[in-house]
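Below: one structure, written as structure tokens.
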Amino acid sequence: GLPIVEQADTKVPNITGATVFLDNGTVIIYFSEYIDVTPRSYVNLSKIVFRNVSQGDALAVPFTGGKIINDDFTHIEILLTEEQRIKTVEISSQPGGDSTTLILDVAAGAIRDRAQNFNIDQFGIVVFEYPDVIPPRLISAKLFFDDGVLELNASEWIDTTPASQISLDKLFLANNSYELGFDLVGSTVAMVDGTKVNITLPEVKRANALKQSGTIGGDRHALFLKAFDGSIFYIA
């Protein structure tokens, strides 16, 4: 056979598009050729940023801390952290956002191709956005009887700012699964957005809950939490 004279690949990789799925925080960035993501350290996520306005936005969301979830290919899939996902929703054009289309800025040196050519600056890439249409789920509940704090854990960030985003008239504590029980109206909601919501019961309802609980001072039957539609509000 004939020996082949090899000419090195010196062409830099270019970004051809970007998509974000706001329901789970998956970002897909498309390129003109195969991108080397093995090892993962070959990708500098700190140089990949979502913004409202290219190259100068206080609401920027750097991808630092995100996770690359695919192997070498012509696109990179990045799973954002929950906090990054929520911040992205807030600056998007989708429900829960500010009606401004997301912009992607990728600085030089963020990625490389198989021939180890680094990308150059590409700023102002318009991102195609898929809205978050998955409602939140309450995963668990814990009631601290010493101070009456009811701790709710959800599947995603819950909007508690303002506290009226939590509809206390749709949250109930009951002695069993078939009774309605009593609502949480009059309780105080801690205004800290996150996957955990703390609600402090007034003394009369703390005492009532204790009386119906499975702890000392109660009737030895565990309490049930009932959350009806619209009781909690998520960012999107």
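Chain labels A, B, ... are given in the sequence in which chains occur in the structure tokens; within each chain residues are numbered consecutively from 1, and ligands are likewise numbered from 1 in the order shown.
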Distance query Glu156 in chain A at most 8 Å, only C-alpha atoms, self and fewer than 6 positions along chain excluded, as a list in words: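 That gives Glu82, Pro136, Arg137, Gly194, Thr195 and Tyr234 of chain A.
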- Task: Just the residues within 6 Å of range 41-48 of chain A, please, counting only C-alpha atoms, with nothing from its chain fewer than 6 positions along; format it as a ChimeraX atom specification.
- Result: /A:62-64,105-107,110-111
Write the residues of the selection above to a file with N, CA, C and O atoms, as a short mmCIF file (atom, residue, chain, number, x, y, z; two decimals), in the first residue's frame.
```
data_model
loop_
_atom_site.label_atom_id
_atom_site.label_comp_id
_atom_site.auth_asym_id
_atom_site.auth_seq_id
_atom_site.Cartn_x
_atom_site.Cartn_y
_atom_site.Cartn_z
N PRO A 62 -22.89 30.72 35.49
CA PRO A 62 -21.78 29.89 35.02
C PRO A 62 -22.11 28.41 35.23
O PRO A 62 -22.86 28.06 36.15
N PHE A 63 -21.55 27.56 34.39
CA PHE A 63 -21.85 26.13 34.46
C PHE A 63 -20.97 25.39 35.47
O PHE A 63 -21.07 24.16 35.60
N THR A 64 -20.12 26.10 36.18
CA THR A 64 -19.25 25.47 37.17
C THR A 64 -20.06 24.63 38.14
O THR A 64 -21.03 25.12 38.73
N ASP A 105 -22.81 32.27 26.36
CA ASP A 105 -21.45 32.75 26.07
C ASP A 105 -20.47 31.64 26.36
O ASP A 105 -20.48 31.05 27.45
N VAL A 106 -19.60 31.33 25.40
CA VAL A 106 -18.57 30.31 25.59
C VAL A 106 -17.22 30.96 25.28
O VAL A 106 -16.95 31.35 24.14
N ALA A 107 -16.38 31.07 26.30
CA ALA A 107 -15.08 31.71 26.14
C ALA A 107 -14.07 30.75 25.54
O ALA A 107 -14.21 29.51 25.62
N ALA A 110 -12.70 26.69 26.40
CA ALA A 110 -13.69 25.92 27.17
C ALA A 110 -13.68 24.46 26.77
O ALA A 110 -13.82 23.57 27.62
N ILE A 111 -13.53 24.21 25.47
CA ILE A 111 -13.57 22.82 24.97
C ILE A 111 -12.47 22.63 23.91
O ILE A 111 -11.85 23.59 23.45
#
```
- prompt: From the set A:Ile15, A:Val20, A:Ala58, A:Ala154, which residue has the shortest atom-to-atom contact distance to Ser32 in chain A, counting only C-alpha atoms?
  reply: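 Going through A:Ile15, A:Val20, A:Ala58, A:Ala154 one by one, the smallest distance to Ser32 in chain A is for A:Ile15.
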Pairwise distance, CA of Asp229 in chain A with CA of Thr88 in chain A, equals 25.5 Å
Might you pull out every residue within 10 Å of Asn14 in chain A, with only C-alpha atoms counted and same-chain residues fewer than 3 positions away left off, and present them as an NGL selection string?
:A and (11 or 17 or 30-33 or 111-113 or 118-122)
> So which residues of range 6-66 of chain A fall under strand (DSSP E or B) by DSSP, listed as number ranges by chain?
Replying inline: A: 15-21, 26-35, 48-51, 61-62
Restricting it to N, CA, C and O atoms, dump the selection as a PDB file, in the first residue's frame.
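What follows is the written file result-v9.pdb:
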```
ATOM      1  N   ILE A  15     -19.348  26.252  17.674  1.00  0.00           N
ATOM      2  CA  ILE A  15     -20.664  25.953  18.229  1.00  0.00           C
ATOM      3  C   ILE A  15     -21.714  26.282  17.176  1.00  0.00           C
ATOM      4  O   ILE A  15     -21.700  27.359  16.573  1.00  0.00           O
ATOM      5  N   THR A  16     -22.639  25.341  16.957  1.00  0.00           N
ATOM      6  CA  THR A  16     -23.667  25.537  15.936  1.00  0.00           C
ATOM      7  C   THR A  16     -25.063  25.735  16.531  1.00  0.00           C
ATOM      8  O   THR A  16     -26.004  26.049  15.800  1.00  0.00           O
ATOM      9  N   GLY A  17     -25.206  25.564  17.836  1.00  0.00           N
ATOM     10  CA  GLY A  17     -26.508  25.755  18.460  1.00  0.00           C
ATOM     11  C   GLY A  17     -26.498  25.290  19.903  1.00  0.00           C
ATOM     12  O   GLY A  17     -25.544  24.656  20.366  1.00  0.00           O
ATOM     13  N   ALA A  18     -27.566  25.620  20.627  1.00  0.00           N
ATOM     14  CA  ALA A  18     -27.677  25.221  22.028  1.00  0.00           C
ATOM     15  C   ALA A  18     -29.145  25.111  22.417  1.00  0.00           C
ATOM     16  O   ALA A  18     -29.990  25.883  21.956  1.00  0.00           O
ATOM     17  N   THR A  19     -29.426  24.130  23.280  1.00  0.00           N
ATOM     18  CA  THR A  19     -30.778  23.873  23.760  1.00  0.00           C
ATOM     19  C   THR A  19     -30.738  23.638  25.261  1.00  0.00           C
ATOM     20  O   THR A  19     -29.784  23.044  25.769  1.00  0.00           O
ATOM     21  N   VAL A  20     -31.777  24.094  25.977  1.00  0.00           N
ATOM     22  CA  VAL A  20     -31.872  23.808  27.407  1.00  0.00           C
ATOM     23  C   VAL A  20     -33.259  23.251  27.705  1.00  0.00           C
ATOM     24  O   VAL A  20     -34.270  23.741  27.205  1.00  0.00           O
ATOM     25  N   PHE A  21     -33.290  22.200  28.512  1.00  0.00           N
ATOM     26  CA  PHE A  21     -34.536  21.612  28.999  1.00  0.00           C
ATOM     27  C   PHE A  21     -34.698  22.061  30.450  1.00  0.00           C
ATOM     28  O   PHE A  21     -34.012  21.559  31.344  1.00  0.00           O
ATOM     29  N   THR A  26     -31.024  19.954  31.775  1.00  0.00           N
ATOM     30  CA  THR A  26     -30.091  19.429  30.776  1.00  0.00           C
ATOM     31  C   THR A  26     -29.843  20.469  29.688  1.00  0.00           C
ATOM     32  O   THR A  26     -30.784  21.026  29.122  1.00  0.00           O
ATOM     33  N   VAL A  27     -28.573  20.721  29.414  1.00  0.00           N
ATOM     34  CA  VAL A  27     -28.172  21.648  28.359  1.00  0.00           C
ATOM     35  C   VAL A  27     -27.428  20.848  27.287  1.00  0.00           C
ATOM     36  O   VAL A  27     -26.551  20.039  27.601  1.00  0.00           O
ATOM     37  N   ILE A  28     -27.781  21.065  26.039  1.00  0.00           N
ATOM     38  CA  ILE A  28     -27.085  20.421  24.924  1.00  0.00           C
ATOM     39  C   ILE A  28     -26.457  21.513  24.060  1.00  0.00           C
ATOM     40  O   ILE A  28     -27.159  22.410  23.584  1.00  0.00           O
ATOM     41  N   ILE A  29     -25.144  21.439  23.882  1.00  0.00           N
ATOM     42  CA  ILE A  29     -24.421  22.389  23.030  1.00  0.00           C
ATOM     43  C   ILE A  29     -23.907  21.624  21.816  1.00  0.00           C
ATOM     44  O   ILE A  29     -23.213  20.604  21.960  1.00  0.00           O
ATOM     45  N   TYR A  30     -24.260  22.100  20.628  1.00  0.00           N
ATOM     46  CA  TYR A  30     -23.922  21.414  19.375  1.00  0.00           C
ATOM     47  C   TYR A  30     -22.680  22.042  18.733  1.00  0.00           C
ATOM     48  O   TYR A  30     -22.497  23.258  18.763  1.00  0.00           O
ATOM     49  N   PHE A  31     -21.849  21.178  18.132  1.00  0.00           N
ATOM     50  CA  PHE A  31     -20.585  21.621  17.541  1.00  0.00           C
ATOM     51  C   PHE A  31     -20.453  21.153  16.100  1.00  0.00           C
ATOM     52  O   PHE A  31     -21.204  20.292  15.627  1.00  0.00           O
ATOM     53  N   SER A  32     -19.471  21.716  15.434  1.00  0.00           N
ATOM     54  CA  SER A  32     -19.220  21.405  14.026  1.00  0.00           C
ATOM     55  C   SER A  32     -18.463  20.090  13.840  1.00  0.00           C
ATOM     56  O   SER A  32     -18.329  19.618  12.716  1.00  0.00           O
ATOM     57  N   GLU A  33     -17.964  19.515  14.937  1.00  0.00           N
ATOM     58  CA  GLU A  33     -17.198  18.274  14.861  1.00  0.00           C
ATOM     59  C   GLU A  33     -17.195  17.582  16.226  1.00  0.00           C
ATOM     60  O   GLU A  33     -17.752  18.095  17.195  1.00  0.00           O
ATOM     61  N   TYR A  34     -16.565  16.409  16.286  1.00  0.00           N
ATOM     62  CA  TYR A  34     -16.463  15.674  17.547  1.00  0.00           C
ATOM     63  C   TYR A  34     -15.689  16.487  18.578  1.00  0.00           C
ATOM     64  O   TYR A  34     -14.654  17.086  18.262  1.00  0.00           O
ATOM     65  N   ILE A  35     -16.190  16.468  19.816  1.00  0.00           N
ATOM     66  CA  ILE A  35     -15.548  17.169  20.924  1.00  0.00           C
ATOM     67  C   ILE A  35     -14.994  16.147  21.903  1.00  0.00           C
ATOM     68  O   ILE A  35     -15.646  15.142  22.196  1.00  0.00           O
ATOM     69  N   ILE A  48     -18.287  28.506  30.346  1.00  0.00           N
ATOM     70  CA  ILE A  48     -19.576  28.373  29.666  1.00  0.00           C
ATOM     71  C   ILE A  48     -20.629  29.004  30.571  1.00  0.00           C
ATOM     72  O   ILE A  48     -20.781  28.604  31.727  1.00  0.00           O
ATOM     73  N   VAL A  49     -21.357  29.996  30.047  1.00  0.00           N
ATOM     74  CA  VAL A  49     -22.231  30.814  30.902  1.00  0.00           C
ATOM     75  C   VAL A  49     -23.548  31.133  30.196  1.00  0.00           C
ATOM     76  O   VAL A  49     -23.566  31.478  29.008  1.00  0.00           O
ATOM     77  N   PHE A  50     -24.651  31.003  30.948  1.00  0.00           N
ATOM     78  CA  PHE A  50     -25.938  31.538  30.497  1.00  0.00           C
ATOM     79  C   PHE A  50     -26.055  32.984  30.967  1.00  0.00           C
ATOM     80  O   PHE A  50     -25.688  33.317  32.098  1.00  0.00           O
ATOM     81  N   ARG A  51     -26.621  33.839  30.103  1.00  0.00           N
ATOM     82  CA  ARG A  51     -26.805  35.245  30.463  1.00  0.00           C
ATOM     83  C   ARG A  51     -28.118  35.763  29.883  1.00  0.00           C
ATOM     84  O   ARG A  51     -28.717  35.140  29.008  1.00  0.00           O
ATOM     85  N   VAL A  61     -25.234  32.834  34.821  1.00  0.00           N
ATOM     86  CA  VAL A  61     -25.229  31.502  35.427  1.00  0.00           C
ATOM     87  C   VAL A  61     -24.069  30.701  34.841  1.00  0.00           C
ATOM     88  O   VAL A  61     -24.213  30.054  33.798  1.00  0.00           O
ATOM     89  N   PRO A  62     -22.894  30.718  35.490  1.00  0.00           N
ATOM     90  CA  PRO A  62     -21.780  29.888  35.025  1.00  0.00           C
ATOM     91  C   PRO A  62     -22.108  28.415  35.226  1.00  0.00           C
ATOM     92  O   PRO A  62     -22.855  28.057  36.150  1.00  0.00           O
TER      93      PRO A  62
END
```
**Message:** Run DSSP on the backbone and tell me which residues of range 16-145 of chain A come out as alpha helix (DSSP H); list them as a list in words.
**Reply:**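 Filtering range 16-145 of chain A down to alpha helix (DSSP H) leaves Glu82, Glu83, Gln84, Arg85, Ile86, Lys87, Thr88, Val89 and Glu90 of chain A.
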Same residues, N, CA, C and O atoms, saved as a PDB file, in the first residue's frame:
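Contents of the output file selection-v2.pdb:
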```
ATOM      1  N   GLU A  82     -29.349  21.882  40.655  1.00  0.00           N
ATOM      2  CA  GLU A  82     -30.702  22.396  40.845  1.00  0.00           C
ATOM      3  C   GLU A  82     -30.690  23.913  40.997  1.00  0.00           C
ATOM      4  O   GLU A  82     -31.563  24.612  40.461  1.00  0.00           O
ATOM      5  N   GLU A  83     -29.704  24.445  41.699  1.00  0.00           N
ATOM      6  CA  GLU A  83     -29.624  25.897  41.861  1.00  0.00           C
ATOM      7  C   GLU A  83     -29.382  26.585  40.520  1.00  0.00           C
ATOM      8  O   GLU A  83     -29.991  27.621  40.226  1.00  0.00           O
ATOM      9  N   GLN A  84     -28.509  26.010  39.696  1.00  0.00           N
ATOM     10  CA  GLN A  84     -28.260  26.577  38.368  1.00  0.00           C
ATOM     11  C   GLN A  84     -29.512  26.496  37.501  1.00  0.00           C
ATOM     12  O   GLN A  84     -29.826  27.425  36.751  1.00  0.00           O
ATOM     13  N   ARG A  85     -30.230  25.375  37.598  1.00  0.00           N
ATOM     14  CA  ARG A  85     -31.459  25.211  36.813  1.00  0.00           C
ATOM     15  C   ARG A  85     -32.474  26.293  37.170  1.00  0.00           C
ATOM     16  O   ARG A  85     -33.075  26.918  36.275  1.00  0.00           O
ATOM     17  N   ILE A  86     -32.660  26.531  38.457  1.00  0.00           N
ATOM     18  CA  ILE A  86     -33.629  27.531  38.894  1.00  0.00           C
ATOM     19  C   ILE A  86     -33.214  28.929  38.440  1.00  0.00           C
ATOM     20  O   ILE A  86     -34.042  29.711  37.941  1.00  0.00           O
ATOM     21  N   LYS A  87     -31.938  29.262  38.578  1.00  0.00           N
ATOM     22  CA  LYS A  87     -31.461  30.580  38.133  1.00  0.00           C
ATOM     23  C   LYS A  87     -31.622  30.744  36.629  1.00  0.00           C
ATOM     24  O   LYS A  87     -31.901  31.847  36.136  1.00  0.00           O
ATOM     25  N   THR A  88     -31.478  29.633  35.903  1.00  0.00           N
ATOM     26  CA  THR A  88     -31.663  29.667  34.453  1.00  0.00           C
ATOM     27  C   THR A  88     -33.128  29.913  34.109  1.00  0.00           C
ATOM     28  O   THR A  88     -33.444  30.704  33.212  1.00  0.00           O
ATOM     29  N   VAL A  89     -34.026  29.240  34.814  1.00  0.00           N
ATOM     30  CA  VAL A  89     -35.460  29.470  34.604  1.00  0.00           C
ATOM     31  C   VAL A  89     -35.788  30.944  34.810  1.00  0.00           C
ATOM     32  O   VAL A  89     -36.521  31.556  34.025  1.00  0.00           O
ATOM     33  N   GLU A  90     -35.214  31.548  35.844  1.00  0.00           N
ATOM     34  CA  GLU A  90     -35.543  32.923  36.209  1.00  0.00           C
ATOM     35  C   GLU A  90     -35.097  33.951  35.176  1.00  0.00           C
ATOM     36  O   GLU A  90     -35.653  35.053  35.121  1.00  0.00           O
TER      37      GLU A  90
END
```
| message | Can you measure CA of Thr100 in chain A to CA of Ile76 in chain A for me? One decimal in Å is fine. | response |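 A separation of 24.1 Å between them.
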